[in-house]
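What follows is the content of work-v2.cif, which has mmCIF, C-alpha atoms:
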```cif
data_target
loop_
_atom_site.group_PDB
_atom_site.id
_atom_site.type_symbol
_atom_site.label_atom_id
_atom_site.label_comp_id
_atom_site.auth_asym_id
_atom_site.auth_seq_id
_atom_site.Cartn_x
_atom_site.Cartn_y
_atom_site.Cartn_z
ATOM 1 C CA MET M 14 0.000 0.000 0.000
ATOM 2 C CA THR M 15 1.529 3.314 -0.960
ATOM 3 C CA LEU M 16 0.538 6.674 0.339
ATOM 4 C CA LEU M 17 0.016 9.547 -2.029
ATOM 5 C CA ASP M 18 2.738 12.038 -1.160
ATOM 6 C CA ILE M 19 4.906 10.086 1.241
ATOM 7 C CA SER M 20 7.353 7.785 -0.433
ATOM 8 C CA MET M 21 9.423 5.097 1.239
ATOM 9 C CA ASN M 22 12.422 7.417 1.435
ATOM 10 C CA HIS M 23 10.627 9.739 3.850
ATOM 11 C CA PHE M 24 10.190 6.939 6.370
ATOM 12 C CA LEU M 25 13.747 5.722 5.892
ATOM 13 C CA ILE M 26 15.175 9.173 6.539
ATOM 14 C CA LEU M 27 12.968 9.485 9.623
ATOM 15 C CA SER M 28 14.356 6.190 10.877
ATOM 16 C CA ALA M 29 17.900 7.421 10.215
ATOM 17 C CA ILE M 30 17.237 10.592 12.200
ATOM 18 C CA VAL M 31 15.865 8.693 15.198
ATOM 19 C CA PHE M 32 18.819 6.274 15.087
ATOM 20 C CA THR M 33 21.252 9.176 15.043
ATOM 21 C CA ILE M 34 19.498 10.769 18.005
ATOM 22 C CA GLY M 35 19.934 7.492 19.875
ATOM 23 C CA VAL M 36 23.667 7.382 19.070
ATOM 24 C CA PHE M 37 23.972 11.040 20.035
ATOM 25 C CA GLY M 38 22.252 10.286 23.318
ATOM 26 C CA VAL M 39 24.799 7.609 24.170
ATOM 27 C CA PHE M 40 27.616 10.042 23.401
ATOM 28 C CA LEU M 41 26.095 12.844 25.411
ATOM 29 C CA ASN M 42 25.060 10.957 28.520
ATOM 30 C CA ARG M 43 28.056 8.789 28.960
ATOM 31 C CA ARG M 44 27.783 8.712 32.729
ATOM 32 C CA ASN M 45 24.069 8.198 33.212
ATOM 33 C CA VAL M 46 23.181 4.557 32.750
ATOM 34 C CA ILE M 47 19.429 5.063 32.515
ATOM 35 C CA ILE M 48 19.714 7.503 29.628
ATOM 36 C CA ILE M 49 22.067 5.106 27.864
ATOM 37 C CA LEU M 50 19.429 2.386 28.159
ATOM 38 C CA MET M 51 16.809 4.761 26.788
ATOM 39 C CA SER M 52 19.050 5.683 23.857
ATOM 40 C CA ILE M 53 19.422 1.986 23.048
ATOM 41 C CA GLU M 54 15.627 1.730 23.040
ATOM 42 C CA LEU M 55 15.493 4.656 20.603
ATOM 43 C CA MET M 56 17.959 2.936 18.279
ATOM 44 C CA LEU M 57 15.892 -0.241 18.324
ATOM 45 C CA LEU M 58 12.791 1.838 17.618
ATOM 46 C CA ALA M 59 14.463 3.332 14.554
ATOM 47 C CA VAL M 60 15.328 -0.124 13.257
ATOM 48 C CA GLN M 61 11.731 -1.198 13.772
ATOM 49 C CA ILE M 62 10.462 1.769 11.730
ATOM 50 C CA ASN M 63 12.873 0.734 8.994
ATOM 51 C CA PHE M 64 11.672 -2.868 8.962
ATOM 52 C CA VAL M 65 7.994 -1.975 8.907
ATOM 53 C CA THR M 66 8.533 0.570 6.134
ATOM 54 C CA PHE M 67 10.218 -1.996 3.926
ATOM 55 C CA SER M 68 7.548 -4.515 4.792
ATOM 56 C CA VAL M 69 4.765 -2.196 3.682
ATOM 57 C CA TYR M 70 6.424 -0.915 0.537
ATOM 58 C CA LEU M 71 7.604 -4.332 -0.627
ATOM 59 C CA ASN M 72 4.292 -6.016 0.209
ATOM 60 C CA ASP M 73 6.077 -8.486 2.437
ATOM 61 C CA LEU M 74 4.904 -9.433 5.887
ATOM 62 C CA THR M 75 8.305 -10.678 7.028
ATOM 63 C CA GLY M 76 9.367 -7.188 8.054
ATOM 64 C CA GLN M 77 6.495 -6.810 10.474
ATOM 65 C CA VAL M 78 7.101 -10.252 11.972
ATOM 66 C CA PHE M 79 10.764 -9.446 12.502
ATOM 67 C CA SER M 80 9.852 -6.078 13.954
ATOM 68 C CA MET M 81 7.885 -7.889 16.642
ATOM 69 C CA PHE M 82 10.891 -10.053 17.440
ATOM 70 C CA ILE M 83 12.993 -6.913 17.812
ATOM 71 C CA LEU M 84 10.337 -5.699 20.244
ATOM 72 C CA THR M 85 10.673 -8.909 22.249
ATOM 73 C CA VAL M 86 14.449 -8.636 22.449
ATOM 74 C CA ALA M 87 14.286 -4.939 23.344
ATOM 75 C CA ALA M 88 11.897 -5.617 26.206
ATOM 76 C CA ALA M 89 14.036 -8.487 27.518
ATOM 77 C CA GLU M 90 17.193 -6.397 27.313
ATOM 78 C CA ALA M 91 15.570 -3.453 29.082
ATOM 79 C CA ALA M 92 14.404 -5.726 31.891
ATOM 80 C CA ILE M 93 17.819 -7.314 32.397
ATOM 81 C CA GLY M 94 19.660 -3.991 32.101
ATOM 82 C CA LEU M 95 17.454 -2.379 34.702
ATOM 83 C CA GLY M 96 17.791 -5.452 36.927
ATOM 84 C CA ILE M 97 21.573 -5.129 36.811
ATOM 85 C CA LEU M 98 21.185 -1.424 37.575
ATOM 86 C CA ILE M 99 19.053 -2.122 40.627
ATOM 87 C CA ALA M 100 21.372 -4.824 41.924
ATOM 88 C CA PHE M 101 24.256 -2.397 41.515
ATOM 89 C CA PHE M 102 22.431 0.611 42.943
ATOM 90 C CA ARG M 103 21.600 -1.268 46.132
ATOM 91 C CA ASN M 104 25.254 -1.459 47.037
ATOM 92 C CA LYS M 105 26.654 1.699 45.572
ATOM 93 C CA GLU M 106 23.851 4.329 45.653
ATOM 94 C CA SER M 107 25.053 5.807 42.379
ATOM 95 C CA ILE M 108 24.285 5.388 38.685
ATOM 96 C CA ASP M 109 27.468 6.993 37.492
ATOM 97 C CA VAL M 110 29.224 4.785 34.951
ATOM 98 C CA ASN M 111 32.586 5.827 36.345
ATOM 99 C CA ASP M 112 31.672 4.317 39.699
ATOM 100 C CA MET M 113 31.093 0.904 38.171
ATOM 101 C CA LYS M 114 34.709 -0.150 38.224
ATOM 102 C CA ALA M 115 34.721 -3.064 40.658
ATOM 103 C CA MET M 116 35.700 -5.440 37.855
ATOM 104 C CA LYS M 117 38.575 -3.263 36.761
ATOM 105 C CA GLY M 118 41.386 -4.590 34.600
ATOM 106 C CA MET L 17 -2.603 15.041 0.899
ATOM 107 C CA ILE L 18 -4.066 14.647 4.359
ATOM 108 C CA GLU L 19 -1.817 11.676 4.951
ATOM 109 C CA ALA L 20 1.224 13.820 4.253
ATOM 110 C CA ILE L 21 0.149 16.240 6.972
ATOM 111 C CA TYR L 22 -0.323 13.374 9.428
ATOM 112 C CA PHE L 23 3.053 11.947 8.541
ATOM 113 C CA TYR L 24 4.817 15.250 9.104
ATOM 114 C CA ILE L 25 3.043 15.854 12.408
ATOM 115 C CA PHE L 26 3.859 12.380 13.768
ATOM 116 C CA ALA L 27 7.402 12.490 12.442
ATOM 117 C CA ALA L 28 8.070 15.952 13.880
ATOM 118 C CA VAL L 29 6.720 15.041 17.307
ATOM 119 C CA LEU L 30 8.705 11.788 17.227
ATOM 120 C CA VAL L 31 11.986 13.522 16.425
ATOM 121 C CA ILE L 32 11.413 16.321 18.933
ATOM 122 C CA SER L 33 10.473 13.975 21.754
ATOM 123 C CA ALA L 34 13.456 11.723 20.970
ATOM 124 C CA MET L 35 15.715 14.773 21.145
ATOM 125 C CA MET L 36 14.150 15.835 24.448
ATOM 126 C CA ALA L 37 14.404 12.317 25.860
ATOM 127 C CA VAL L 38 18.183 12.222 25.508
ATOM 128 C CA SER L 39 18.791 15.738 26.750
ATOM 129 C CA ALA L 40 16.200 16.338 29.432
ATOM 130 C CA ARG L 41 17.058 17.568 32.892
ATOM 131 C CA SER L 42 15.586 14.782 34.960
ATOM 132 C CA PRO L 43 15.288 11.102 34.047
ATOM 133 C CA MET L 44 11.567 11.244 34.722
ATOM 134 C CA THR L 45 11.121 13.795 31.921
ATOM 135 C CA SER L 46 13.243 11.637 29.665
ATOM 136 C CA VAL L 47 11.049 8.617 30.245
ATOM 137 C CA LEU L 48 7.891 10.599 29.576
ATOM 138 C CA PHE L 49 9.276 11.916 26.309
ATOM 139 C CA LEU L 50 10.296 8.383 25.391
ATOM 140 C CA ILE L 51 6.687 7.294 25.951
ATOM 141 C CA LEU L 52 5.574 10.078 23.604
ATOM 142 C CA ALA L 53 8.064 8.877 20.986
ATOM 143 C CA PHE L 54 6.729 5.321 21.252
ATOM 144 C CA PHE L 55 3.153 6.502 20.847
ATOM 145 C CA ASN L 56 3.995 8.511 17.754
ATOM 146 C CA THR L 57 5.770 5.553 16.236
ATOM 147 C CA ALA L 58 2.697 3.415 16.896
ATOM 148 C CA CYS L 59 0.586 6.060 15.127
ATOM 149 C CA LEU L 60 2.964 6.009 12.163
ATOM 150 C CA PHE L 61 2.705 2.245 11.936
ATOM 151 C CA ILE L 62 -1.093 2.365 11.987
ATOM 152 C CA MET L 63 -0.955 4.985 9.260
ATOM 153 C CA LEU L 64 1.191 2.674 7.152
ATOM 154 C CA GLY L 65 -1.308 -0.135 7.515
ATOM 155 C CA ALA L 66 0.706 -2.277 9.917
ATOM 156 C CA GLU L 67 -1.791 -1.883 12.704
ATOM 157 C CA PHE L 68 -0.909 -5.085 14.534
ATOM 158 C CA VAL L 69 2.684 -4.020 15.096
ATOM 159 C CA GLY L 70 1.461 -0.559 16.053
ATOM 160 C CA MET L 71 -0.901 -1.860 18.690
ATOM 161 C CA ILE L 72 1.661 -4.327 20.006
ATOM 162 C CA MET L 73 4.099 -1.451 20.344
ATOM 163 C CA ALA L 74 1.552 0.554 22.293
ATOM 164 C CA ILE L 75 0.887 -2.387 24.602
ATOM 165 C CA VAL L 76 4.422 -3.704 25.109
ATOM 166 C CA TYR L 77 6.677 -0.678 24.708
ATOM 167 C CA VAL L 78 4.463 1.895 26.377
ATOM 168 C CA GLY L 79 2.599 -0.413 28.713
ATOM 169 C CA ALA L 80 5.452 -2.587 29.946
ATOM 170 C CA VAL L 81 8.926 -1.314 29.091
ATOM 171 C CA SER L 82 8.230 2.360 29.786
ATOM 172 C CA VAL L 83 6.406 1.550 33.000
ATOM 173 C CA LEU L 84 9.452 -0.490 34.043
ATOM 174 C CA PHE L 85 11.657 2.521 33.327
ATOM 175 C CA LEU L 86 9.325 4.743 35.314
ATOM 176 C CA PHE L 87 9.426 2.401 38.310
ATOM 177 C CA ILE L 88 13.212 2.362 38.270
ATOM 178 C CA VAL L 89 13.503 6.126 37.867
ATOM 179 C CA MET L 90 11.052 6.799 40.653
ATOM 180 C CA MET L 91 12.633 4.319 43.040
ATOM 181 C CA MET L 92 16.176 5.544 42.686
ATOM 182 C CA ASP L 93 17.263 8.807 44.179
ATOM 183 C CA ILE L 94 19.483 10.112 41.427
ATOM 184 C CA ARG L 95 21.763 13.080 41.921
ATOM 185 C CA LEU L 96 22.180 14.683 38.552
ATOM 186 C CA LYS L 97 24.589 17.565 38.997
ATOM 187 C CA LYS L 98 27.666 15.395 38.803
ATOM 188 C CA LEU L 99 26.311 13.448 35.864
ATOM 189 C CA ARG L 100 25.377 16.452 33.744
ATOM 190 C CA ALA L 101 28.623 18.305 34.352
ATOM 191 C CA ASN L 102 30.428 16.621 31.501
ATOM 192 C CA MET L 103 27.579 16.768 29.058
ATOM 193 C CA ILE L 104 28.693 19.993 27.386
ATOM 194 C CA LYS L 105 32.198 18.659 27.051
ATOM 195 C CA HIS L 106 31.035 15.670 25.005
ATOM 196 C CA LEU L 107 28.662 17.664 22.823
ATOM 197 C CA PRO L 108 31.037 18.561 19.919
ATOM 198 C CA LEU L 109 32.325 15.029 19.439
ATOM 199 C CA GLY L 110 28.860 13.550 19.765
ATOM 200 C CA GLY L 111 27.445 16.130 17.392
ATOM 201 C CA PHE L 112 30.157 15.463 14.828
ATOM 202 C CA VAL L 113 29.747 11.692 14.950
ATOM 203 C CA GLY L 114 25.978 12.065 14.816
ATOM 204 C CA LEU L 115 26.204 14.380 11.828
ATOM 205 C CA VAL L 116 28.526 12.046 9.934
ATOM 206 C CA LEU L 117 26.286 9.059 10.651
ATOM 207 C CA LEU L 118 23.160 10.972 9.673
ATOM 208 C CA SER L 119 24.593 12.281 6.418
ATOM 209 C CA GLU L 120 25.817 8.821 5.439
ATOM 210 C CA LEU L 121 22.452 7.255 6.172
ATOM 211 C CA ILE L 122 20.570 9.992 4.322
ATOM 212 C CA MET L 123 22.868 9.601 1.307
ATOM 213 C CA ILE L 124 21.926 5.933 1.171
ATOM 214 C CA PHE L 125 18.252 6.309 1.896
ATOM 215 C CA LYS L 126 17.560 9.161 -0.475
ATOM 216 C CA LYS L 127 18.442 7.085 -3.515
ATOM 217 C CA TRP L 128 16.824 3.851 -2.411
ATOM 218 C CA ASN L 129 14.691 2.439 -5.206
ATOM 219 C CA ILE L 130 12.840 -0.814 -5.170
ATOM 220 C CA SER L 131 13.813 -3.041 -8.068
ATOM 221 C CA PRO L 132 10.981 -4.873 -9.842
ATOM 222 C CA GLU L 133 12.613 -8.235 -9.129
ATOM 223 C CA ALA L 134 12.429 -7.549 -5.398
ATOM 224 C CA LEU L 135 8.693 -7.119 -5.633
ATOM 225 C CA LYS L 136 8.353 -10.525 -7.250
ATOM 226 C CA SER L 137 10.540 -12.557 -4.898
ATOM 227 C CA VAL L 138 8.759 -11.803 -1.650
ATOM 228 C CA ALA L 139 9.013 -14.226 1.268
ATOM 229 C CA SER L 140 5.462 -13.856 2.530
ATOM 230 C CA PRO L 141 3.271 -11.635 0.402
ATOM 231 C CA MET L 142 0.763 -9.359 2.053
ATOM 232 C CA PRO L 143 -2.774 -10.405 1.208
ATOM 233 C CA ASP L 144 -5.407 -7.901 0.248
ATOM 234 C CA THR L 145 -6.408 -5.854 3.283
ATOM 235 C CA ALA L 146 -10.078 -5.895 2.393
ATOM 236 C CA VAL L 147 -10.202 -9.662 2.564
ATOM 237 C CA VAL L 148 -7.760 -10.516 5.333
ATOM 238 C CA SER L 149 -6.930 -8.092 8.126
ATOM 239 C CA ASN L 150 -3.322 -7.371 9.057
ATOM 240 C CA THR L 151 -3.587 -9.291 12.324
ATOM 241 C CA GLN L 152 -5.008 -12.322 10.571
ATOM 242 C CA ALA L 153 -2.329 -12.215 7.908
ATOM 243 C CA ILE L 154 0.471 -12.009 10.467
ATOM 244 C CA GLY L 155 -1.099 -14.806 12.469
ATOM 245 C CA ALA L 156 -1.247 -16.990 9.400
ATOM 246 C CA ILE L 157 2.503 -16.871 8.881
ATOM 247 C CA LEU L 158 3.778 -16.372 12.421
ATOM 248 C CA TYR L 159 2.725 -19.790 13.678
ATOM 249 C CA THR L 160 3.489 -21.696 10.507
ATOM 250 C CA GLN L 161 6.371 -20.227 8.591
ATOM 251 C CA TYR L 162 8.113 -18.491 11.505
ATOM 252 C CA VAL L 163 7.334 -20.921 14.300
ATOM 253 C CA TYR L 164 10.988 -21.496 15.222
ATOM 254 C CA PRO L 165 11.792 -17.810 15.775
ATOM 255 C CA PHE L 166 8.499 -17.531 17.652
ATOM 256 C CA GLN L 167 9.478 -20.279 20.087
ATOM 257 C CA ILE L 168 12.975 -18.866 20.429
ATOM 258 C CA ALA L 169 11.460 -15.489 21.285
ATOM 259 C CA GLY L 170 9.523 -17.226 24.035
ATOM 260 C CA LEU L 171 12.760 -18.767 25.309
ATOM 261 C CA ILE L 172 14.423 -15.343 25.268
ATOM 262 C CA LEU L 173 11.629 -13.985 27.427
ATOM 263 C CA LEU L 174 11.979 -16.941 29.795
ATOM 264 C CA VAL L 175 15.710 -16.350 30.159
ATOM 265 C CA ALA L 176 15.101 -12.638 30.750
ATOM 266 C CA MET L 177 12.569 -13.443 33.445
ATOM 267 C CA ILE L 178 14.925 -15.864 35.194
ATOM 268 C CA GLY L 179 17.738 -13.334 34.949
ATOM 269 C CA ALA L 180 15.690 -10.494 36.365
ATOM 270 C CA ILE L 181 14.499 -12.590 39.293
ATOM 271 C CA THR L 182 17.992 -13.877 40.034
ATOM 272 C CA LEU L 183 19.445 -10.376 39.980
ATOM 273 C CA THR L 184 16.982 -8.746 42.276
ATOM 274 C CA LEU L 185 15.817 -11.443 44.685
ATOM 275 C CA ARG L 186 16.758 -10.795 48.267
ATOM 276 C CA SER L 187 16.213 -13.275 51.061
ATOM 277 C CA ASN L 188 14.245 -11.766 53.901
ATOM 278 C CA LYS L 189 16.154 -12.260 57.142
ATOM 279 C CA LYS L 190 13.458 -10.753 59.342
ATOM 280 C CA PHE L 191 11.300 -13.860 59.467
ATOM 281 C CA LYS L 192 12.359 -17.217 60.822
ATOM 282 C CA LYS L 193 11.605 -19.948 58.382
ATOM 283 C CA GLN L 194 11.784 -23.680 58.646
ATOM 284 C CA ASP L 195 14.550 -25.133 56.511
ATOM 285 C CA VAL L 196 13.696 -28.827 56.356
ATOM 286 C CA SER L 197 16.862 -29.973 54.611
ATOM 287 C CA LYS L 198 18.972 -28.214 57.219
ATOM 288 C CA GLN L 199 16.974 -29.863 59.954
ATOM 289 C CA LEU L 200 17.380 -33.286 58.417
ATOM 290 C CA ASN L 201 21.110 -32.829 57.893
ATOM 291 C CA THR L 202 22.024 -31.989 61.479
ATOM 292 C CA LYS L 203 24.477 -34.395 62.992
ATOM 293 C CA VAL L 204 24.453 -35.565 66.608
ATOM 294 C CA GLU L 205 27.917 -34.086 67.242
ATOM 295 C CA ASP L 206 26.734 -30.579 66.313
ATOM 296 C CA VAL L 207 23.851 -30.552 68.760
ATOM 297 C CA ILE L 208 24.748 -32.706 71.755
ATOM 298 C CA LYS L 209 28.052 -32.866 73.537
ATOM 299 C CA ILE L 210 28.597 -35.410 76.262
ATOM 300 C CA LYS L 211 30.875 -34.254 79.040
ATOM 301 C CA LYS L 212 32.112 -36.380 81.859
ATOM 302 C CA VAL L 213 31.311 -34.637 85.126
ATOM 303 C CA LYS L 214 32.970 -35.668 88.362
ATOM 304 C CA THR L 215 30.685 -36.087 91.309
ATOM 305 C CA GLY L 216 30.391 -32.909 93.238
ATOM 306 C CA GLU L 217 31.658 -30.684 90.444
ATOM 307 C CA GLY L 218 29.717 -28.684 87.899
ATOM 308 C CA ILE L 219 30.444 -28.024 84.234
#
```
Output the structure of this file as structure tokens.
Amino acid sequence: MTLLDISMNHFLILSAIVFTIGVFGVFLNRRNVIIILMSIELMLLAVQINFVTFSVYLNDLTGQVFSMFILTVAAAEAAIGLGILIAFFRNKESIDVNDMKAMKG
Amino acid sequence: MIEAIYFYIFAAVLVISAMMAVSARSPMTSVLFLILAFFNTACLFIMLGAEFVGMIMAIVYVGAVSVLFLFIVMMMDIRLKKLRANMIKHLPLGGFVGLVLLSELIMIFKKWNISPEALKSVASPMPDTAVVSNTQAIGAILYTQYVYPFQIAGLILLVAMIGAITLTLRSNKKFKKQDVSKQLNTKVEDVIKIKKVKTGEGI
């Protein structure tokens, strides 16, 4: 199904912009673990937009199926990442990345 | 024409809320802007005709993942002054890398054309939306053609659940509990000691 004025390239460029914002977020918030996790979610969101766009414009359902698997993996990774953060925060009371150096070397 | 307006509105709000999510003052604001970004993406998907993925995103991303983030952010007392001090220092390098990445991706995506052969060799063609709804069409291939990835996704979720429980489970030492295996494994020497006592003397 194609829309009248919006071609596939519009969606692809939108996905590229969101991905870049995610990468930029990791660069900017190097010390704040929660924002890093959120930037990873943004990058996965951009990839999902890409997959669904190709799925719609190529008339192929595989892209949407894979997009749901990306969703599954993103949710699992967010849960585990936040679990590690909580287990760490209990002992250290800080979410600074520079404080997480117990396994140094 | 009207669809173009909708696309630009959703896309603009998505980009702005993504930008605000990575650069907001408090993590709570970041999470709320992330929720807005997820909602706008779901709206874009529904506009494209992939309404199942859009609804699943609204349920799972907004309803579960973002709520998890909100719980964590609200439970932890985060001091932000130290963390934001170095943000300005990293801005030029991050901006440069972001710009290079964005320009490369836009150079590729601007010229992307679909070849006619690609349209013919499609793994699972989309049936006509008037006859079969999107949900039905995805269901038809998800449990037949993609059943192995489906089961593996279930295993991934199981592993994530086990991992999350293992990481955060704390044993509660306030209550005394009966530990049957410990009771059964006690030896006589640990509990009773026989001392020879002379008559007239104590221990």
Give me, as a PyMOL selection string, the residues of chain M touching chain L, with the criterion being at most 6 Å (counting only C-alpha atoms). chain M and resi 18+22+26+33+37-38+40-41+44+71-74+88-89+93+96+100
What is the distance between atom CA of M:Ile99 and atom CA of M:Arg43, in Å to one decimal? 18.3 Å
Expected selection from the PyMOL selection byres ((chain M and resi 79) around 10), given as a count of residues only: 19
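This file, queried with the PyMOL selection byres ((chain M and resi 60) around 10), gives the residues Leu25, Ser28, Ala29, Val31, Phe32, Glu54, Leu55, Met56, Leu57, Leu58, Ala59, Gln61, Ile62, Asn63, Phe64, Val65, Thr66, Ser80 and Ile83 of chain M.
Between atom CA of M:Val46 and atom CA of M:Ala87 the interatomic distance comes to 16.1 Å.
Closest approach to M:Ile53 among M:Ala91, M:Leu27, M:Leu98, M:Val69: M:Ala91, based on all atoms listed in the file.
The spacing separating atom CA of M:Gly35 from atom CA of M:Met51 amounts to 8.1 Å.
Proximity to M:Asn42 was assessed for L:Lys193, L:Gly216, L:Arg41, L:Ile25 counting all atoms listed in the file; the smallest distance is recorded for L:Arg41.
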Please write a file for stretch 134-153 of chain L, taken from the block I just shared, that holds N, CA, C and O atoms and is laid out as a PDB file, in the first residue's frame.
```pdb
ATOM      1  N   ALA L 134      12.644  -7.394  -6.841  1.00  0.00           N
ATOM      2  CA  ALA L 134      12.429  -7.549  -5.398  1.00  0.00           C
ATOM      3  C   ALA L 134      10.955  -7.706  -5.090  1.00  0.00           C
ATOM      4  O   ALA L 134      10.577  -8.425  -4.168  1.00  0.00           O
ATOM      5  N   LEU L 135      10.122  -7.023  -5.897  1.00  0.00           N
ATOM      6  CA  LEU L 135       8.693  -7.119  -5.633  1.00  0.00           C
ATOM      7  C   LEU L 135       8.148  -8.495  -5.981  1.00  0.00           C
ATOM      8  O   LEU L 135       7.106  -8.891  -5.481  1.00  0.00           O
ATOM      9  N   LYS L 136       8.877  -9.211  -6.862  1.00  0.00           N
ATOM     10  CA  LYS L 136       8.353 -10.525  -7.250  1.00  0.00           C
ATOM     11  C   LYS L 136       8.784 -11.604  -6.272  1.00  0.00           C
ATOM     12  O   LYS L 136       8.038 -12.524  -5.982  1.00  0.00           O
ATOM     13  N   SER L 137      10.036 -11.476  -5.746  1.00  0.00           N
ATOM     14  CA  SER L 137      10.540 -12.557  -4.898  1.00  0.00           C
ATOM     15  C   SER L 137      10.343 -12.170  -3.441  1.00  0.00           C
ATOM     16  O   SER L 137      11.273 -11.850  -2.732  1.00  0.00           O
ATOM     17  N   VAL L 138       9.109 -12.237  -2.998  1.00  0.00           N
ATOM     18  CA  VAL L 138       8.759 -11.803  -1.650  1.00  0.00           C
ATOM     19  C   VAL L 138       8.539 -13.037  -0.778  1.00  0.00           C
ATOM     20  O   VAL L 138       7.914 -13.997  -1.213  1.00  0.00           O
ATOM     21  N   ALA L 139       9.068 -13.015   0.426  1.00  0.00           N
ATOM     22  CA  ALA L 139       9.013 -14.226   1.268  1.00  0.00           C
ATOM     23  C   ALA L 139       7.589 -14.563   1.664  1.00  0.00           C
ATOM     24  O   ALA L 139       7.154 -15.704   1.555  1.00  0.00           O
ATOM     25  N   SER L 140       6.844 -13.572   2.148  1.00  0.00           N
ATOM     26  CA  SER L 140       5.462 -13.856   2.530  1.00  0.00           C
ATOM     27  C   SER L 140       4.615 -12.678   2.093  1.00  0.00           C
ATOM     28  O   SER L 140       4.560 -11.672   2.783  1.00  0.00           O
ATOM     29  N   PRO L 141       3.977 -12.792   0.963  1.00  0.00           N
ATOM     30  CA  PRO L 141       3.271 -11.635   0.402  1.00  0.00           C
ATOM     31  C   PRO L 141       2.084 -11.223   1.261  1.00  0.00           C
ATOM     32  O   PRO L 141       1.422 -12.045   1.881  1.00  0.00           O
ATOM     33  N   MET L 142       1.850  -9.929   1.282  1.00  0.00           N
ATOM     34  CA  MET L 142       0.763  -9.359   2.053  1.00  0.00           C
ATOM     35  C   MET L 142      -0.539  -9.576   1.314  1.00  0.00           C
ATOM     36  O   MET L 142      -0.688  -9.124   0.194  1.00  0.00           O
ATOM     37  N   PRO L 143      -1.494 -10.252   1.919  1.00  0.00           N
ATOM     38  CA  PRO L 143      -2.774 -10.405   1.208  1.00  0.00           C
ATOM     39  C   PRO L 143      -3.554  -9.110   1.199  1.00  0.00           C
ATOM     40  O   PRO L 143      -3.217  -8.157   1.892  1.00  0.00           O
ATOM     41  N   ASP L 144      -4.594  -9.092   0.418  1.00  0.00           N
ATOM     42  CA  ASP L 144      -5.407  -7.901   0.248  1.00  0.00           C
ATOM     43  C   ASP L 144      -6.071  -7.526   1.571  1.00  0.00           C
ATOM     44  O   ASP L 144      -6.657  -8.371   2.249  1.00  0.00           O
ATOM     45  N   THR L 145      -5.946  -6.255   1.952  1.00  0.00           N
ATOM     46  CA  THR L 145      -6.408  -5.854   3.283  1.00  0.00           C
ATOM     47  C   THR L 145      -7.920  -5.916   3.420  1.00  0.00           C
ATOM     48  O   THR L 145      -8.447  -6.010   4.521  1.00  0.00           O
ATOM     49  N   ALA L 146      -8.626  -5.845   2.301  1.00  0.00           N
ATOM     50  CA  ALA L 146     -10.078  -5.895   2.393  1.00  0.00           C
ATOM     51  C   ALA L 146     -10.562  -7.295   2.749  1.00  0.00           C
ATOM     52  O   ALA L 146     -11.600  -7.466   3.387  1.00  0.00           O
ATOM     53  N   VAL L 147      -9.770  -8.287   2.331  1.00  0.00           N
ATOM     54  CA  VAL L 147     -10.202  -9.662   2.564  1.00  0.00           C
ATOM     55  C   VAL L 147      -9.699 -10.155   3.919  1.00  0.00           C
ATOM     56  O   VAL L 147     -10.458 -10.689   4.727  1.00  0.00           O
ATOM     57  N   VAL L 148      -8.382  -9.973   4.124  1.00  0.00           N
ATOM     58  CA  VAL L 148      -7.760 -10.516   5.333  1.00  0.00           C
ATOM     59  C   VAL L 148      -7.154  -9.349   6.095  1.00  0.00           C
ATOM     60  O   VAL L 148      -6.386  -8.581   5.538  1.00  0.00           O
ATOM     61  N   SER L 149      -7.481  -9.215   7.366  1.00  0.00           N
ATOM     62  CA  SER L 149      -6.930  -8.092   8.126  1.00  0.00           C
ATOM     63  C   SER L 149      -5.455  -8.351   8.403  1.00  0.00           C
ATOM     64  O   SER L 149      -4.951  -9.460   8.267  1.00  0.00           O
ATOM     65  N   ASN L 150      -4.771  -7.279   8.825  1.00  0.00           N
ATOM     66  CA  ASN L 150      -3.322  -7.371   9.057  1.00  0.00           C
ATOM     67  C   ASN L 150      -2.998  -8.385  10.143  1.00  0.00           C
ATOM     68  O   ASN L 150      -2.068  -9.178  10.038  1.00  0.00           O
ATOM     69  N   THR L 151      -3.809  -8.345  11.227  1.00  0.00           N
ATOM     70  CA  THR L 151      -3.587  -9.291  12.324  1.00  0.00           C
ATOM     71  C   THR L 151      -3.715 -10.725  11.851  1.00  0.00           C
ATOM     72  O   THR L 151      -2.894 -11.589  12.182  1.00  0.00           O
ATOM     73  N   GLN L 152      -4.775 -10.967  11.053  1.00  0.00           N
ATOM     74  CA  GLN L 152      -5.008 -12.322  10.571  1.00  0.00           C
ATOM     75  C   GLN L 152      -3.869 -12.769   9.674  1.00  0.00           C
ATOM     76  O   GLN L 152      -3.408 -13.906   9.743  1.00  0.00           O
ATOM     77  N   ALA L 153      -3.399 -11.856   8.835  1.00  0.00           N
ATOM     78  CA  ALA L 153      -2.329 -12.215   7.908  1.00  0.00           C
ATOM     79  C   ALA L 153      -1.044 -12.532   8.654  1.00  0.00           C
ATOM     80  O   ALA L 153      -0.334 -13.481   8.324  1.00  0.00           O
TER      81      ALA L 153
END
```
